[in-house]
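Here the structure comes first, spelled out in structure tokens, and everything after it is commentary.
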Amino acid sequence: MIRLLVDPANAITAMGLALSSIGIDFSIAGFPEIGMAIVLWALLADHFDGVVARRMRGSRSAETAEVGKNLDSLADLVSAGIFPAVTLIVVGHGSPLCVVCGAVLVVASALRLSFFNVVGSPTGRFVGVPTSWVMPVTAIVFLLRPTLPESIFAKLFAFLLILLAILHVSPVRVPKTAGFMYLVVTAFCVVASAALAFRGAS
């Protein structure tokens, strides 16, 4: 089973999953900005494992590809569902609102990812907003945190996560990330990660 991680695409996915787990640990310890800075790199891993997998098409066994597909969904659930939910609960000090909103996001993320694994994107567009949108939104909210009243911050974050949860399971059609957008996502993750890490360490 471990040999499946020798596959480059699966190895990148596993690395992203490990980064998300570390990010969760930092959030629980009270350093959500640092946790987010780490998980943004997991988002990059999520984008590039697919690129690597497509370039290796034909040279990977069916078993390796299928395991990679499912591993990718599990990694996405942790980075875009569990991590934001845990972070919301931490900044909301375990309030019932934050717990419920976090749970809704996790369930919506799992449903969206399961749907994609079965249905895919036959028209070339995703059905429902991809889970990968959650981390950029979360990062922007935390970058703006110093400008927002702390009394409303957790509620605003909860509202945005619920909105994303609804969009995950909605019938809206969303284009796939491709071409120039990979550069945009990469630049955003690197810059936002550095800014959040600096803020969390100061």
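Every chain in the structure tokens has a letter given in the order shown (A, B, ...), and although residue numbers restart at 1 in each chain, ligands are simply numbered from 1 in the order shown.
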Practice problem: List every residue of stretch 90-176 of chain A that DSSP, applied to the backbone, labels as strand (DSSP E or B), and write the result as a VMD selection string. | Solution: chain A and resid 125 to 127 173 to 175
If you keep all heavy atoms, can you produce a file of those selected residues as a compact mmCIF listing (two decimals), in the first residue's frame?
```
# COMPACT_ATOMS: atom_id res chain seq x y z
N ARG A 125 -17.13 21.79 -16.84
CA ARG A 125 -17.29 22.72 -15.72
C ARG A 125 -17.69 21.95 -14.46
O ARG A 125 -18.34 20.92 -14.56
CB ARG A 125 -18.37 23.78 -16.02
CG ARG A 125 -17.95 24.77 -17.08
CD ARG A 125 -19.08 25.70 -17.47
NE ARG A 125 -18.63 26.74 -18.39
CZ ARG A 125 -18.38 27.99 -18.03
NH1 ARG A 125 -18.56 28.37 -16.76
NH2 ARG A 125 -17.96 28.87 -18.92
N PHE A 126 -17.27 22.48 -13.32
CA PHE A 126 -17.66 21.86 -12.05
C PHE A 126 -19.13 22.16 -11.76
O PHE A 126 -19.63 23.24 -12.08
CB PHE A 126 -16.82 22.41 -10.90
CG PHE A 126 -15.38 22.03 -10.95
CD1 PHE A 126 -14.38 23.00 -11.02
CD2 PHE A 126 -14.99 20.69 -10.91
CE1 PHE A 126 -13.05 22.65 -11.05
CE2 PHE A 126 -13.65 20.33 -10.95
CZ PHE A 126 -12.68 21.31 -11.02
N VAL A 127 -19.80 21.22 -11.15
CA VAL A 127 -21.15 21.45 -10.64
C VAL A 127 -21.01 21.77 -9.16
O VAL A 127 -20.57 20.94 -8.37
CB VAL A 127 -22.05 20.21 -10.82
CG1 VAL A 127 -23.45 20.48 -10.25
CG2 VAL A 127 -22.14 19.83 -12.29
N ARG A 173 -22.63 26.26 -12.20
CA ARG A 173 -21.54 25.70 -13.00
C ARG A 173 -20.33 26.64 -12.92
O ARG A 173 -20.44 27.84 -13.15
CB ARG A 173 -21.96 25.56 -14.45
CG ARG A 173 -23.23 24.73 -14.64
CD ARG A 173 -22.93 23.25 -14.67
NE ARG A 173 -24.14 22.45 -14.71
CZ ARG A 173 -24.16 21.17 -15.04
NH1 ARG A 173 -23.04 20.54 -15.35
NH2 ARG A 173 -25.29 20.50 -15.05
N VAL A 174 -19.18 26.06 -12.58
CA VAL A 174 -17.97 26.85 -12.37
C VAL A 174 -16.85 26.32 -13.29
O VAL A 174 -16.61 25.11 -13.33
CB VAL A 174 -17.51 26.74 -10.90
CG1 VAL A 174 -16.24 27.56 -10.67
CG2 VAL A 174 -18.63 27.23 -9.98
N PRO A 175 -16.17 27.22 -14.03
CA PRO A 175 -15.08 26.76 -14.90
C PRO A 175 -13.93 26.18 -14.08
O PRO A 175 -13.70 26.59 -12.94
CB PRO A 175 -14.65 28.03 -15.63
CG PRO A 175 -15.55 29.11 -15.22
CD PRO A 175 -16.39 28.65 -14.08
```
Exercise. Quick one: everything within 9 Å of stretch 79-88 of chain A, counting only C-alpha atoms, minus sequence neighbours fewer than 3 positions away in the same chain. Send it as a ChimeraX atom specification.
Key: /A:16-17,19-21,23-24,27-28,32,35-36,39-40,42-43,74-76,91-94,98-99,101-110,131-135,138,154,157-158,161
Quiz item: What is the distance, in Å and to one decimal place, between atom CA of A:Asn70 and atom CA of A:Ile38?
Solution: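 The value is 22.3 Å.
Shortest separation to A:Val141 among A:Ala178, A:Ala192, A:Leu167, A:Leu113 occurs at residue A:Ala192, atoms counted being only C-alpha atoms.
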Practice problem: Choose the residue, out of A:Leu71, A:Ala37, A:Leu97, A:Ala65, that has the smallest atom-to-atom separation from A:Ala139; count only C-alpha atoms. | Solution: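 Nearest to A:Ala139: A:Ala37.
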Quiz prompt | Residue with smallest distance to A:Ile22 - pool A:Val6, A:Leu156, A:Val172, A:Val78, counting only C-alpha atoms | solution =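 Among the listed residues, the smallest separation from A:Ile22 belongs to A:Val78.
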Quiz prompt | Given only C-alpha atoms as the counted atoms, nearest of A:Met181, A:Leu111, A:Thr123, A:Ala201 to A:Ile166 | solution =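 Going through A:Met181, A:Leu111, A:Thr123, A:Ala201 one by one, the smallest distance to A:Ile166 is for A:Leu111.
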Quiz prompt | Filtered DSSP result for chain A, state helix (DSSP H, G or I), as a ChimeraX atom specification | solution = /A:2-6,8-28,32-55,62-91,96-119,131-143,145-147,150-168,180-201
